[in-house]
$ cat start-v3.cif   # mmCIF, C-alpha atoms
data_structure
#
loop_
_atom_site.group_PDB
_atom_site.id
_atom_site.type_symbol
_atom_site.label_atom_id
_atom_site.label_comp_id
_atom_site.auth_asym_id
_atom_site.auth_seq_id
_atom_site.Cartn_x
_atom_site.Cartn_y
_atom_site.Cartn_z
ATOM 1 C CA MET A 89 23.028 -34.322 136.977
ATOM 2 C CA TYR A 90 20.609 -36.778 138.547
ATOM 3 C CA GLY A 91 19.579 -38.457 141.769
ATOM 4 C CA ASP A 92 18.057 -41.936 142.171
ATOM 5 C CA TRP A 93 16.065 -43.440 145.001
ATOM 6 C CA LEU A 94 16.704 -47.171 145.037
ATOM 7 C CA TYR A 95 14.409 -49.900 146.321
ATOM 8 C CA TRP A 96 16.549 -53.031 146.154
ATOM 9 C CA ASN A 97 16.820 -56.464 147.711
ATOM 10 C CA VAL A 98 19.885 -58.647 148.299
ATOM 11 C CA ARG A 99 19.856 -61.998 146.507
ATOM 12 C CA ARG A 100 21.782 -64.745 148.286
ATOM 13 C CA CYS A 101 20.342 -67.960 149.729
ATOM 14 C CA ASP A 102 23.154 -69.433 151.827
ATOM 15 C CA ILE A 103 23.015 -67.525 155.140
ATOM 16 C CA ASP A 104 22.020 -70.534 157.240
ATOM 17 C CA TYR A 105 22.513 -70.782 160.983
ATOM 18 C CA ALA A 106 20.479 -73.763 162.279
ATOM 19 C CA VAL A 107 18.472 -76.844 161.265
ATOM 20 C CA PRO A 108 15.669 -78.695 163.108
ATOM 21 C CA PHE A 109 17.018 -81.539 165.234
ATOM 22 C CA SER A 110 15.396 -84.434 167.056
ATOM 23 C CA GLU A 111 16.520 -87.586 168.846
ATOM 24 C CA THR A 112 14.473 -90.773 168.626
ATOM 25 C CA ALA A 113 15.030 -94.161 170.190
ATOM 26 C CA ASN A 114 16.553 -96.897 168.066
ATOM 27 C CA LEU A 115 14.248 -99.898 167.598
ATOM 28 C CA LEU A 116 17.130 -102.187 168.611
ATOM 29 C CA GLY A 117 17.510 -100.350 171.884
ATOM 30 C CA GLN A 118 21.078 -99.307 171.167
ATOM 31 C CA LEU A 119 22.348 -95.921 169.975
ATOM 32 C CA PRO A 120 19.750 -93.169 169.457
ATOM 33 C CA ILE A 121 18.814 -91.975 165.984
ATOM 34 C CA PHE A 122 19.331 -88.274 165.206
ATOM 35 C CA ASP A 123 17.025 -86.712 162.624
ATOM 36 C CA SER A 124 17.159 -83.319 160.907
ATOM 37 C CA ILE A 125 13.813 -82.829 159.201
ATOM 38 C CA GLY A 126 12.247 -79.513 158.225
ATOM 39 C CA SER A 127 13.238 -76.111 156.871
ATOM 40 C CA VAL A 128 16.790 -74.827 157.233
ATOM 41 C CA LYS A 129 16.830 -71.677 159.347
ATOM 42 C CA THR A 130 18.260 -68.821 157.277
ATOM 43 C CA VAL A 131 18.434 -65.040 157.168
ATOM 44 C CA CYS A 132 16.556 -63.551 154.204
ATOM 45 C CA THR A 133 16.585 -59.793 153.742
ATOM 46 C CA ASP A 134 13.665 -57.674 152.586
ATOM 47 C CA TYR A 135 13.617 -54.676 150.232
ATOM 48 C CA GLU A 136 15.545 -51.677 151.550
ATOM 49 C CA SER A 137 16.172 -48.123 150.343
ATOM 50 C CA GLY A 138 19.368 -46.686 148.896
ATOM 51 C CA TYR A 139 20.434 -43.839 146.654
ATOM 52 C CA ARG A 140 22.611 -43.037 143.656
ATOM 53 C CA LEU A 141 23.987 -39.664 142.524
ATOM 54 C CA GLY A 142 25.490 -38.827 139.150
ATOM 55 C CA LEU A 143 27.071 -36.063 137.079
ATOM 56 C CA LEU A 144 27.335 -35.917 133.281
ATOM 57 C CA LYS A 145 29.349 -33.585 131.039
ATOM 58 C CA SER A 146 28.815 -33.702 127.262
ATOM 59 C CA CYS A 147 31.488 -32.575 124.819
ATOM 60 C CA GLY A 148 29.968 -33.210 121.404
ATOM 61 C CA ASP A 149 29.691 -36.969 120.905
ATOM 62 C CA ILE A 150 31.843 -37.689 123.963
ATOM 63 C CA ASP A 151 30.278 -37.923 127.442
ATOM 64 C CA PHE A 152 32.056 -37.954 130.799
ATOM 65 C CA ARG A 153 30.143 -39.388 133.762
ATOM 66 C CA ILE A 154 30.621 -40.181 137.427
ATOM 67 C CA HIS A 155 28.179 -42.182 139.597
ATOM 68 C CA TYR A 156 28.091 -43.008 143.288
ATOM 69 C CA THR A 157 25.770 -45.723 144.687
ATOM 70 C CA HIS A 158 25.054 -46.439 148.353
ATOM 71 C CA TYR A 159 22.865 -49.207 149.720
ATOM 72 C CA GLN A 160 22.415 -50.932 153.087
ATOM 73 C CA ALA A 161 20.408 -53.997 154.123
ATOM 74 C CA ASP A 162 19.972 -55.932 157.351
ATOM 75 C CA ASP A 163 17.756 -58.637 158.767
ATOM 76 C CA THR A 164 17.298 -60.720 161.915
ATOM 77 C CA ASN A 165 15.919 -64.228 162.179
ATOM 78 C CA LYS A 166 15.528 -66.515 165.187
ATOM 79 C CA ALA A 167 14.283 -70.013 165.926
ATOM 80 C CA THR A 168 13.397 -72.045 169.003
ATOM 81 C CA GLY A 169 12.954 -75.734 169.758
ATOM 82 C CA ASP A 170 15.383 -78.618 169.283
ATOM 83 C CA LEU A 171 18.006 -77.284 166.868
ATOM 84 C CA ALA A 172 21.449 -78.100 165.494
ATOM 85 C CA GLY A 173 23.687 -75.089 164.934
ATOM 86 C CA THR A 174 25.447 -75.008 161.559
ATOM 87 C CA TYR A 175 28.401 -73.114 163.083
ATOM 88 C CA LEU A 176 28.809 -75.312 166.186
ATOM 89 C CA ASN A 177 31.388 -78.053 166.677
ATOM 90 C CA LYS A 178 31.786 -80.095 169.827
ATOM 91 C CA LEU A 179 35.290 -79.203 171.034
ATOM 92 C CA ASN A 180 34.687 -75.488 171.444
ATOM 93 C CA SER A 181 30.973 -75.301 172.311
ATOM 94 C CA ALA A 182 29.705 -74.659 175.831
ATOM 95 C CA ILE A 183 26.403 -76.255 174.795
ATOM 96 C CA LEU A 184 27.704 -79.416 173.117
ATOM 97 C CA LEU A 185 30.498 -80.083 175.621
ATOM 98 C CA ASN A 186 27.842 -80.295 178.324
ATOM 99 C CA GLU A 187 25.765 -82.732 176.243
ATOM 100 C CA ARG A 188 23.009 -80.160 175.808
ATOM 101 C CA VAL A 189 20.821 -79.365 172.777
ATOM 102 C CA VAL A 190 20.397 -75.921 171.231
ATOM 103 C CA GLN A 191 16.955 -74.543 172.123
ATOM 104 C CA PHE A 192 17.385 -70.967 170.870
ATOM 105 C CA ALA A 193 19.251 -69.583 167.846
ATOM 106 C CA LYS A 194 19.368 -66.074 166.451
ATOM 107 C CA ALA A 195 21.196 -64.608 163.452
ATOM 108 C CA ASP A 196 21.773 -60.955 162.502
ATOM 109 C CA TYR A 197 22.940 -60.129 158.959
ATOM 110 C CA ASP A 198 24.125 -56.697 157.820
ATOM 111 C CA LEU A 199 25.383 -55.516 154.429
ATOM 112 C CA GLU A 200 26.781 -52.190 153.231
ATOM 113 C CA TYR A 201 27.373 -51.490 149.536
ATOM 114 C CA ASP A 202 29.303 -48.519 148.094
ATOM 115 C CA VAL A 203 30.278 -48.265 144.420
ATOM 116 C CA VAL A 204 31.898 -45.444 142.413
ATOM 117 C CA ASP A 205 31.906 -45.473 138.587
ATOM 118 C CA VAL A 206 33.928 -43.046 136.465
ATOM 119 C CA GLU A 207 33.257 -43.533 132.759
ATOM 120 C CA VAL A 208 33.491 -42.066 129.281
ATOM 121 C CA GLY A 209 30.993 -42.753 126.507
ATOM 122 C CA TYR A 210 30.682 -42.223 122.751
ATOM 123 C CA ASP A 211 27.222 -41.343 121.391
ATOM 124 C CA LEU A 212 25.833 -43.030 118.277
ATOM 125 C CA ASP A 213 22.855 -41.615 116.358
ATOM 126 C CA PHE A 214 20.608 -44.053 114.453
ATOM 127 C CA GLY A 215 17.926 -41.610 113.403
ATOM 128 C CA ARG A 216 15.314 -39.395 114.969
ATOM 129 C CA CYS A 217 13.938 -42.025 117.358
ATOM 130 C CA THR A 218 16.937 -44.140 118.344
ATOM 131 C CA GLN A 219 20.185 -43.223 120.064
ATOM 132 C CA ALA A 220 22.882 -45.475 121.465
ATOM 133 C CA CYS A 221 26.118 -45.157 123.402
ATOM 134 C CA LEU A 222 29.239 -47.236 123.886
ATOM 135 C CA PHE A 223 30.923 -46.628 127.237
ATOM 136 C CA GLY A 224 33.629 -47.889 129.525
ATOM 137 C CA GLY A 225 35.309 -46.810 132.679
ATOM 138 C CA PHE A 226 36.806 -47.474 136.101
ATOM 139 C CA LYS A 227 34.877 -49.019 138.996
ATOM 140 C CA TYR A 228 35.632 -49.068 142.719
ATOM 141 C CA ALA A 229 33.465 -51.223 145.001
ATOM 142 C CA ASN A 230 33.334 -51.736 148.752
ATOM 143 C CA ILE A 231 30.980 -54.484 150.001
ATOM 144 C CA CYS A 232 30.960 -55.286 153.730
ATOM 145 C CA GLN A 233 28.957 -58.191 155.188
ATOM 146 C CA ASP A 234 28.538 -59.105 158.872
ATOM 147 C CA LEU A 235 26.851 -62.166 160.367
ATOM 148 C CA ASP A 236 26.331 -62.506 164.153
ATOM 149 C CA ILE A 237 24.899 -65.751 165.558
ATOM 150 C CA ILE A 238 23.865 -66.675 169.102
ATOM 151 C CA TYR A 239 23.056 -70.196 170.342
ATOM 152 C CA SER A 240 21.578 -70.987 173.763
ATOM 153 C CA ASP A 241 20.443 -74.176 175.495
ATOM 154 C CA GLU A 242 17.495 -72.267 176.987
ATOM 155 C CA GLU A 243 14.429 -71.566 174.852
ATOM 156 C CA ASP A 244 14.208 -68.007 176.221
ATOM 157 C CA GLY A 245 17.703 -67.252 174.925
ATOM 158 C CA LEU A 246 20.042 -65.154 177.052
ATOM 159 C CA VAL A 247 18.744 -65.960 180.525
ATOM 160 C CA GLU A 248 20.146 -67.085 183.863
ATOM 161 C CA ASN A 249 22.062 -70.400 183.815
ATOM 162 C CA ALA A 250 22.022 -70.515 180.020
ATOM 163 C CA ARG A 251 25.000 -71.980 178.198
ATOM 164 C CA VAL A 252 25.662 -69.665 175.259
ATOM 165 C CA ASP A 253 27.863 -69.725 172.137
ATOM 166 C CA LYS A 254 28.384 -66.534 170.121
ATOM 167 C CA PHE A 255 29.811 -66.289 166.605
ATOM 168 C CA LYS A 256 30.807 -63.115 164.771
ATOM 169 C CA THR A 257 31.869 -63.432 161.129
ATOM 170 C CA ASN A 258 32.759 -60.666 158.683
ATOM 171 C CA VAL A 259 33.874 -60.481 155.082
ATOM 172 C CA ASP A 260 34.844 -57.108 153.578
ATOM 173 C CA MET A 261 35.725 -56.521 149.926
ATOM 174 C CA ASP A 262 37.638 -53.615 148.400
ATOM 175 C CA ALA A 263 37.813 -54.027 144.617
ATOM 176 C CA TYR A 264 38.763 -51.915 141.642
ATOM 177 C CA GLY A 265 38.814 -52.571 137.914
ATOM 178 C CA VAL A 266 37.390 -51.676 134.507
ATOM 179 C CA TYR A 267 34.147 -52.311 132.653
ATOM 180 C CA LEU A 268 32.582 -51.936 129.208
ATOM 181 C CA GLY A 269 28.963 -51.469 128.262
ATOM 182 C CA THR A 270 26.346 -50.232 125.870
ATOM 183 C CA ALA A 271 23.198 -48.156 126.301
ATOM 184 C CA ALA A 272 20.260 -47.385 124.038
ATOM 185 C CA CYS A 273 17.254 -45.069 124.058
ATOM 186 C CA TYR A 274 14.115 -45.223 121.884
ATOM 187 C CA SER A 275 11.549 -42.417 121.659
ATOM 188 C CA ILE A 276 8.033 -43.849 122.020
ATOM 189 C CA LEU A 277 6.384 -40.401 122.068
ATOM 190 C CA ASP A 278 7.788 -36.891 122.003
ATOM 191 C CA CYS A 279 8.006 -36.829 125.786
ATOM 192 C CA ILE A 280 8.418 -40.555 126.642
ATOM 193 C CA ASN A 281 11.554 -42.644 126.030
ATOM 194 C CA LEU A 282 12.359 -46.295 126.614
ATOM 195 C CA PHE A 283 15.975 -46.834 127.704
ATOM 196 C CA GLY A 284 18.260 -49.613 128.811
ATOM 197 C CA ASN A 285 21.907 -50.419 129.379
ATOM 198 C CA PHE A 286 24.166 -53.393 129.928
ATOM 199 C CA SER A 287 27.730 -53.547 131.257
ATOM 200 C CA TYR A 288 30.234 -56.143 132.422
ATOM 201 C CA GLY A 289 33.416 -55.573 134.375
ATOM 202 C CA ALA A 290 36.468 -57.356 135.779
ATOM 203 C CA LEU A 291 37.960 -56.253 139.081
ATOM 204 C CA VAL A 292 40.777 -57.155 141.455
ATOM 205 C CA GLY A 293 39.493 -57.458 145.008
ATOM 206 C CA GLU A 294 41.075 -57.624 148.452
ATOM 207 C CA PHE A 295 39.025 -59.673 150.925
ATOM 208 C CA ASP A 296 39.300 -59.439 154.694
ATOM 209 C CA GLN A 297 37.603 -62.386 156.449
ATOM 210 C CA ARG A 298 37.258 -62.586 160.238
ATOM 211 C CA PHE A 299 35.809 -65.310 162.472
ATOM 212 C CA LYS A 300 35.292 -65.077 166.243
ATOM 213 C CA HIS A 301 33.726 -67.525 168.658
ATOM 214 C CA SER A 302 33.149 -66.969 172.380
ATOM 215 C CA GLU A 303 31.226 -69.030 174.913
ATOM 216 C CA THR A 304 30.031 -69.105 178.499
ATOM 217 C CA GLU A 305 28.592 -71.877 180.669
ATOM 218 C CA ASP A 306 26.430 -69.455 182.672
ATOM 219 C CA PHE A 307 25.253 -66.297 180.926
ATOM 220 C CA ASP A 308 24.173 -64.618 184.181
ATOM 221 C CA THR A 309 27.369 -65.058 186.218
ATOM 222 C CA ASN A 310 30.283 -66.063 183.950
ATOM 223 C CA PRO A 311 31.894 -63.741 181.391
ATOM 224 C CA PHE A 312 32.293 -64.829 177.797
ATOM 225 C CA ARG A 313 35.584 -66.557 176.977
ATOM 226 C CA LEU A 314 37.096 -65.977 173.522
ATOM 227 C CA ASP A 315 37.733 -69.430 172.092
ATOM 228 C CA THR A 316 38.544 -68.755 168.426
ATOM 229 C CA ASN A 317 39.766 -65.577 166.723
ATOM 230 C CA LEU A 318 40.829 -66.060 163.097
ATOM 231 C CA ASN A 319 41.382 -63.698 160.193
ATOM 232 C CA ASN A 320 42.324 -64.199 156.562
ATOM 233 C CA ASP A 321 43.355 -61.671 153.889
ATOM 234 C CA CYS A 322 43.524 -62.540 150.203
ATOM 235 C CA TRP A 323 43.381 -61.024 146.728
ATOM 236 C CA LYS A 324 41.327 -62.480 143.891
ATOM 237 C CA LEU A 325 39.582 -61.609 140.638
ATOM 238 C CA VAL A 326 35.866 -60.849 140.690
ATOM 239 C CA SER A 327 33.417 -59.847 137.971
ATOM 240 C CA ASN A 328 30.277 -57.766 137.842
ATOM 241 C CA LEU A 329 27.237 -57.738 135.538
ATOM 242 C CA ASN A 330 24.725 -54.866 135.357
ATOM 243 C CA LEU A 331 21.419 -54.623 133.486
ATOM 244 C CA THR A 332 18.909 -51.739 133.522
ATOM 245 C CA LEU A 333 15.583 -51.117 131.758
ATOM 246 C CA GLY A 334 13.312 -48.119 132.262
ATOM 247 C CA LEU A 335 11.045 -45.344 131.027
ATOM 248 C CA GLU A 336 11.690 -41.612 131.206
ATOM 249 C CA TYR A 337 9.256 -38.718 130.927
ATOM 250 C CA LYS A 338 10.280 -35.172 130.017
ATOM 251 C CA LEU A 339 8.658 -32.910 132.598
ATOM 252 C CA ALA A 340 9.328 -29.272 131.789
ATOM 253 C CA THR A 341 11.968 -26.603 131.400
ATOM 254 C CA CYS A 342 12.379 -24.324 134.390
ATOM 255 C CA PHE A 343 15.207 -22.659 136.319
ATOM 256 C CA CYS A 344 17.259 -22.872 133.083
ATOM 257 C CA ALA A 345 17.158 -26.680 133.147
ATOM 258 C CA ASP A 346 15.335 -29.523 131.373
ATOM 259 C CA TRP A 347 13.795 -31.802 134.010
ATOM 260 C CA VAL A 348 13.207 -35.510 133.389
ATOM 261 C CA PHE A 349 11.599 -38.169 135.596
ATOM 262 C CA ALA A 350 12.473 -41.843 135.071
ATOM 263 C CA VAL A 351 11.507 -45.165 136.625
ATOM 264 C CA GLY A 352 12.944 -48.595 135.939
ATOM 265 C CA TYR A 353 14.185 -51.965 137.143
ATOM 266 C CA GLU A 354 17.803 -53.045 137.431
ATOM 267 C CA PHE A 355 19.938 -56.107 138.181
ATOM 268 C CA HIS A 356 23.487 -56.189 139.558
ATOM 269 C CA GLN A 357 25.315 -59.490 140.008
ATOM 270 C CA TRP A 358 28.742 -59.995 141.603
ATOM 271 C CA PHE A 359 30.597 -63.239 140.923
ATOM 272 C CA CYS A 360 33.345 -65.043 142.910
ATOM 273 C CA ILE A 361 32.834 -63.063 146.120
ATOM 274 C CA SER A 362 34.541 -64.652 149.137
ATOM 275 C CA ASP A 363 31.981 -65.936 151.631
ATOM 276 C CA PHE A 364 31.980 -66.043 155.428
ATOM 277 C CA MET A 365 34.752 -68.118 156.990
ATOM 278 C CA LYS A 366 33.463 -71.170 158.856
ATOM 279 C CA VAL A 367 35.238 -73.675 161.142
ATOM 280 C CA ILE A 368 33.332 -76.886 160.416
ATOM 281 C CA ALA A 369 35.622 -79.424 162.156
ATOM 282 C CA ASP A 370 37.727 -79.037 165.285
ATOM 283 C CA VAL A 371 39.236 -82.375 166.354
ATOM 284 C CA GLU A 372 41.658 -83.484 169.055
ATOM 285 C CA ILE A 373 43.798 -86.528 168.239
ATOM 286 C CA VAL A 374 45.370 -88.281 171.257
ATOM 287 C CA GLU A 375 48.484 -90.330 170.542
ATOM 288 C CA GLU A 376 50.164 -92.575 173.094
ATOM 289 C CA THR A 377 53.959 -92.091 173.122
ATOM 290 C CA LEU A 378 56.820 -93.039 175.448
ATOM 291 C CA GLU A 379 56.579 -89.584 176.997
ATOM 292 C CA GLY A 380 52.857 -90.044 177.615
ATOM 293 C CA PRO A 381 49.738 -89.046 175.684
ATOM 294 C CA GLN A 382 50.335 -86.346 173.039
ATOM 295 C CA VAL A 383 47.357 -84.245 171.954
ATOM 296 C CA THR A 384 47.183 -82.781 168.465
ATOM 297 C CA ARG A 385 44.383 -80.402 167.535
ATOM 298 C CA THR A 386 43.307 -80.098 163.912
ATOM 299 C CA VAL A 387 41.043 -77.392 162.525
ATOM 300 C CA ARG A 388 39.232 -77.518 159.198
ATOM 301 C CA ILE A 389 38.193 -74.170 157.720
ATOM 302 C CA VAL A 390 35.810 -73.594 154.817
ATOM 303 C CA ASN A 391 36.419 -70.583 152.551
ATOM 304 C CA ASN A 392 33.827 -70.838 149.800
ATOM 305 C CA ASP A 393 33.190 -68.446 146.949
ATOM 306 C CA SER A 394 29.714 -67.015 146.620
ATOM 307 C CA CYS A 395 27.664 -64.856 144.293
ATOM 308 C CA ILE A 396 25.662 -61.910 145.523
ATOM 309 C CA GLY A 397 23.035 -60.027 143.568
ATOM 310 C CA PHE A 398 20.956 -56.885 143.916
ATOM 311 C CA ASP A 399 17.777 -56.104 142.063
ATOM 312 C CA GLY A 400 14.882 -53.697 142.371
ATOM 313 C CA LEU A 401 13.296 -50.442 141.318
ATOM 314 C CA PHE A 402 14.853 -47.035 140.863
ATOM 315 C CA PHE A 403 13.163 -43.638 140.618
ATOM 316 C CA ARG A 404 15.201 -40.856 139.001
ATOM 317 C CA LEU A 405 14.963 -37.086 138.775
ATOM 318 C CA SER A 406 17.497 -35.458 136.452
ATOM 319 C CA ALA A 407 18.250 -31.936 135.305
ATOM 320 C CA SER A 408 20.181 -30.887 132.174
ATOM 321 C CA PHE A 409 21.631 -27.386 132.028
#
$ encode --input "start-v3.cif" --output "structure tokens"
Amino acid sequence: MYGDWLYWNVRRCDIDYAVPFSETANLLGQLPIFDSIGSVKTVCTDYESGYRLGLLKSCGDIDFRIHYTHYQADDTNKATGDLAGTYLNKLNSAILLNERVVQFAKADYDLEYDVVDVEVGYDLDFGRCTQACLFGGFKYANICQDLDIIYSDEEDGLVENARVDKFKTNVDMDAYGVYLGTAACYSILDCINLFGNFSYGALVGEFDQRFKHSETEDFDTNPFRLDTNLNNDCWKLVSNLNLTLGLEYKLATCFCADWVFAVGYEFHQWFCISDFMKVIADVEIVEETLEGPQVTRTVRIVNNDSCIGFDGLFFRLSASF
């Protein structure tokens, strides 16, 4: 059995929530010119801790293993000044409907990662110094991501008389499938081994996407009004790649067990993950008819696929009985 302490980071670069915005006068004295120049405001997580637990049972050349991995990450980012919100559109925004400009934006991102692997492996012996293993198994993964965004037309944020728009988006994945892989170990010294493994899997995932928008024209006195509340459920195929490289050191034998310490670096990449739902266009079309003006509202929704990766260090303590 073993236990790992993980020190990972989340790798995705598309959690944007605002861009710099400015209005300058047109030289012809007609319509103003709107410029977006500068760095896109995004949420970028830092390294966070997690853990992994595992059990191994050897029956000759056949090994049976089970692993459980848990990891969480979160980050907050905010910006002030003249901004354009990447989630705002004019028909449902308390700020834009009042011809105001975003002066404050804040985004909170949260991720929770839980994976269970149940596998069987076959050991291969290539001599005194080199061992290898072919393995495969069943994988279950639950990845939940939340993104909360607040826009205000006051630079101090949520203050009296502020017009505020709030967005809450979620995408949760429950996936299960199979994977195949190979592992190898090379003895550098009697007590030090170099090891690595690689695996690739295909899974079927259920995605639950939710999108909520609420707004108020006076944060201090008026309650928030729910303007948009959408959800989408779908099934799709996803894939997963895993790569690990490390060193292990045989400590000692005590309490009827052989103790080993290991340290290494690992990469985990998930492909074709559904991203946050986003309403990028909300348009009213007015048509004159014999019965009077008829209003039709059209909504355009973006459901992109994304990739999400995890990489970082692991520190392992294992005991063999």
$ residues_around --input "start-v3.cif" --residues "Glu294 of chain A" --least-positions-apart "5" --cutoff "12 Å" --atoms "only C-alpha atoms" --output "list of chain:residue names"
A:Tyr228, A:Ala229, A:Asn230, A:Ile231, A:Cys232, A:Val259, A:Asp260, A:Met261, A:Asp262, A:Ala263, A:Tyr264, A:Gly265, A:Asn320, A:Asp321, A:Cys322, A:Trp323, A:Lys324, A:Leu325, A:Val326, A:Ile361, A:Ser362
$ write_last_selection --input "start-v3.cif" --atoms "C-alpha atoms" --output "PDB file, keeping the file's coordinate frame"
ATOM      1  CA  TYR A 228      35.632 -49.068 142.719  1.00  0.00           C
ATOM      2  CA  ALA A 229      33.465 -51.223 145.001  1.00  0.00           C
ATOM      3  CA  ASN A 230      33.334 -51.736 148.752  1.00  0.00           C
ATOM      4  CA  ILE A 231      30.980 -54.484 150.001  1.00  0.00           C
ATOM      5  CA  CYS A 232      30.960 -55.286 153.730  1.00  0.00           C
ATOM      6  CA  VAL A 259      33.874 -60.481 155.082  1.00  0.00           C
ATOM      7  CA  ASP A 260      34.844 -57.108 153.578  1.00  0.00           C
ATOM      8  CA  MET A 261      35.725 -56.521 149.926  1.00  0.00           C
ATOM      9  CA  ASP A 262      37.638 -53.615 148.400  1.00  0.00           C
ATOM     10  CA  ALA A 263      37.813 -54.027 144.617  1.00  0.00           C
ATOM     11  CA  TYR A 264      38.763 -51.915 141.642  1.00  0.00           C
ATOM     12  CA  GLY A 265      38.814 -52.571 137.914  1.00  0.00           C
ATOM     13  CA  ASN A 320      42.324 -64.199 156.562  1.00  0.00           C
ATOM     14  CA  ASP A 321      43.355 -61.671 153.889  1.00  0.00           C
ATOM     15  CA  CYS A 322      43.524 -62.540 150.203  1.00  0.00           C
ATOM     16  CA  TRP A 323      43.381 -61.024 146.728  1.00  0.00           C
ATOM     17  CA  LYS A 324      41.327 -62.480 143.891  1.00  0.00           C
ATOM     18  CA  LEU A 325      39.582 -61.609 140.638  1.00  0.00           C
ATOM     19  CA  VAL A 326      35.866 -60.849 140.690  1.00  0.00           C
ATOM     20  CA  ILE A 361      32.834 -63.063 146.120  1.00  0.00           C
ATOM     21  CA  SER A 362      34.541 -64.652 149.137  1.00  0.00           C
TER      22      SER A 362
END
$ resolve_selection --input "start-v3.cif" --expression "the PyMOL selection byres ((chain A and resi 161) around 10)" --output "MDAnalysis selection string"
chainID A and resid 96:98 133:138 159:160 162:163 197:201 233
$ atom_distance --input "start-v3.cif" --atom1 "atom CA of His158 of chain A" --atom2 "atom CA of Tyr95 of chain A"
11.4 Å
$ resolve_selection --input "start-v3.cif" --expression "the PyMOL selection byres ((chain A and resi 240-255) around 8)" --output "list in words"
Thr168, Gly169, Tyr175, Ser181, Ala182, Ile183, Arg188, Val189, Val190, Gln191, Phe192, Ala193, Asp236, Ile237, Ile238, Tyr239, Lys256, Thr257, Phe299, Lys300, His301, Ser302, Glu303, Thr304, Glu305, Asp306, Phe307, Asp308 and Thr309 of chain A
$ atom_distance --input "start-v3.cif" --atom1 "atom CA of Asp170 of chain A" --atom2 "atom CA of Pro108 of chain A"
6.2 Å
$ closest_residue --input "start-v3.cif" --among "A:Cys273, A:Leu268, A:Ile280, A:Met89" --to "Leu339 of chain A" --atoms "only C-alpha atoms"
A:Ile280
$ closest_residue --input "start-v3.cif" --among "A:Lys366, A:His155, A:Lys194, A:Arg140" --to "Leu176 of chain A" --atoms "only C-alpha atoms"
A:Lys366
$ resolve_selection --input "start-v3.cif" --expression "the PyMOL selection byres ((chain A and resi 345) around 12)" --output "PyMOL selection string"
chain A and resi 89-90+338-344+346-348+406-409
$ closest_residue --input "start-v3.cif" --among "A:Ala350, A:Ile125, A:Val206, A:Leu212" --to "Leu405 of chain A" --atoms "all atoms listed in the file"
A:Ala350
$ closest_residue --input "start-v3.cif" --among "A:Leu94, A:Leu171, A:Val387, A:Leu222" --to "Ala106 of chain A" --atoms "only C-alpha atoms"
A:Leu171
$ closest_residue --input "start-v3.cif" --among "A:Val390, A:Leu291, A:Val107, A:Leu333" --to "Trp358 of chain A" --atoms "only C-alpha atoms"
A:Leu291
$ closest_residue --input "start-v3.cif" --among "A:Tyr105, A:Trp93, A:Phe214, A:Phe226" --to "Arg153 of chain A" --atoms "all atoms listed in the file"
A:Phe226
$ decode --input "start-v3.cif" --residues "segment 394-405 of chain A" --atoms "N, CA and C atoms" --output "mmCIF file, in the first residue's frame"
data_model
loop_
_atom_site.group_PDB
_atom_site.id
_atom_site.type_symbol
_atom_site.label_atom_id
_atom_site.label_comp_id
_atom_site.auth_asym_id
_atom_site.auth_seq_id
_atom_site.Cartn_x
_atom_site.Cartn_y
_atom_site.Cartn_z
ATOM 1 N N SER A 394 -12.997 21.780 -24.454
ATOM 2 C CA SER A 394 -11.750 22.288 -23.911
ATOM 3 C C SER A 394 -10.880 21.118 -23.475
ATOM 4 N N CYS A 395 -9.626 21.391 -23.279
ATOM 5 C CA CYS A 395 -8.699 20.427 -22.681
ATOM 6 C C CYS A 395 -8.291 20.964 -21.316
ATOM 7 N N ILE A 396 -8.084 20.066 -20.394
ATOM 8 C CA ILE A 396 -7.636 20.476 -19.066
ATOM 9 C C ILE A 396 -6.532 19.522 -18.621
ATOM 10 N N GLY A 397 -5.459 20.097 -18.106
ATOM 11 C CA GLY A 397 -4.318 19.292 -17.703
ATOM 12 C C GLY A 397 -3.929 19.535 -16.259
ATOM 13 N N PHE A 398 -3.224 18.581 -15.702
ATOM 14 C CA PHE A 398 -2.696 18.671 -14.341
ATOM 15 C C PHE A 398 -1.255 18.180 -14.384
ATOM 16 N N ASP A 399 -0.381 18.913 -13.739
ATOM 17 C CA ASP A 399 0.997 18.448 -13.659
ATOM 18 C C ASP A 399 1.600 18.923 -12.347
ATOM 19 N N GLY A 400 2.631 18.214 -11.896
ATOM 20 C CA GLY A 400 3.301 18.605 -10.670
ATOM 21 C C GLY A 400 4.028 17.455 -10.016
ATOM 22 N N LEU A 401 4.511 17.717 -8.818
ATOM 23 C CA LEU A 401 5.289 16.750 -8.056
ATOM 24 C C LEU A 401 4.401 15.817 -7.256
ATOM 25 N N PHE A 402 4.948 14.646 -6.961
ATOM 26 C CA PHE A 402 4.333 13.751 -5.974
ATOM 27 C C PHE A 402 5.425 13.196 -5.067
ATOM 28 N N PHE A 403 5.073 12.995 -3.803
ATOM 29 C CA PHE A 403 5.964 12.405 -2.816
ATOM 30 C C PHE A 403 5.255 11.193 -2.228
ATOM 31 N N ARG A 404 5.899 10.039 -2.291
ATOM 32 C CA ARG A 404 5.232 8.765 -1.962
ATOM 33 C C ARG A 404 5.943 8.046 -0.834
ATOM 34 N N LEU A 405 5.167 7.473 0.047
ATOM 35 C CA LEU A 405 5.653 6.543 1.072
ATOM 36 C C LEU A 405 4.850 5.262 0.936
#
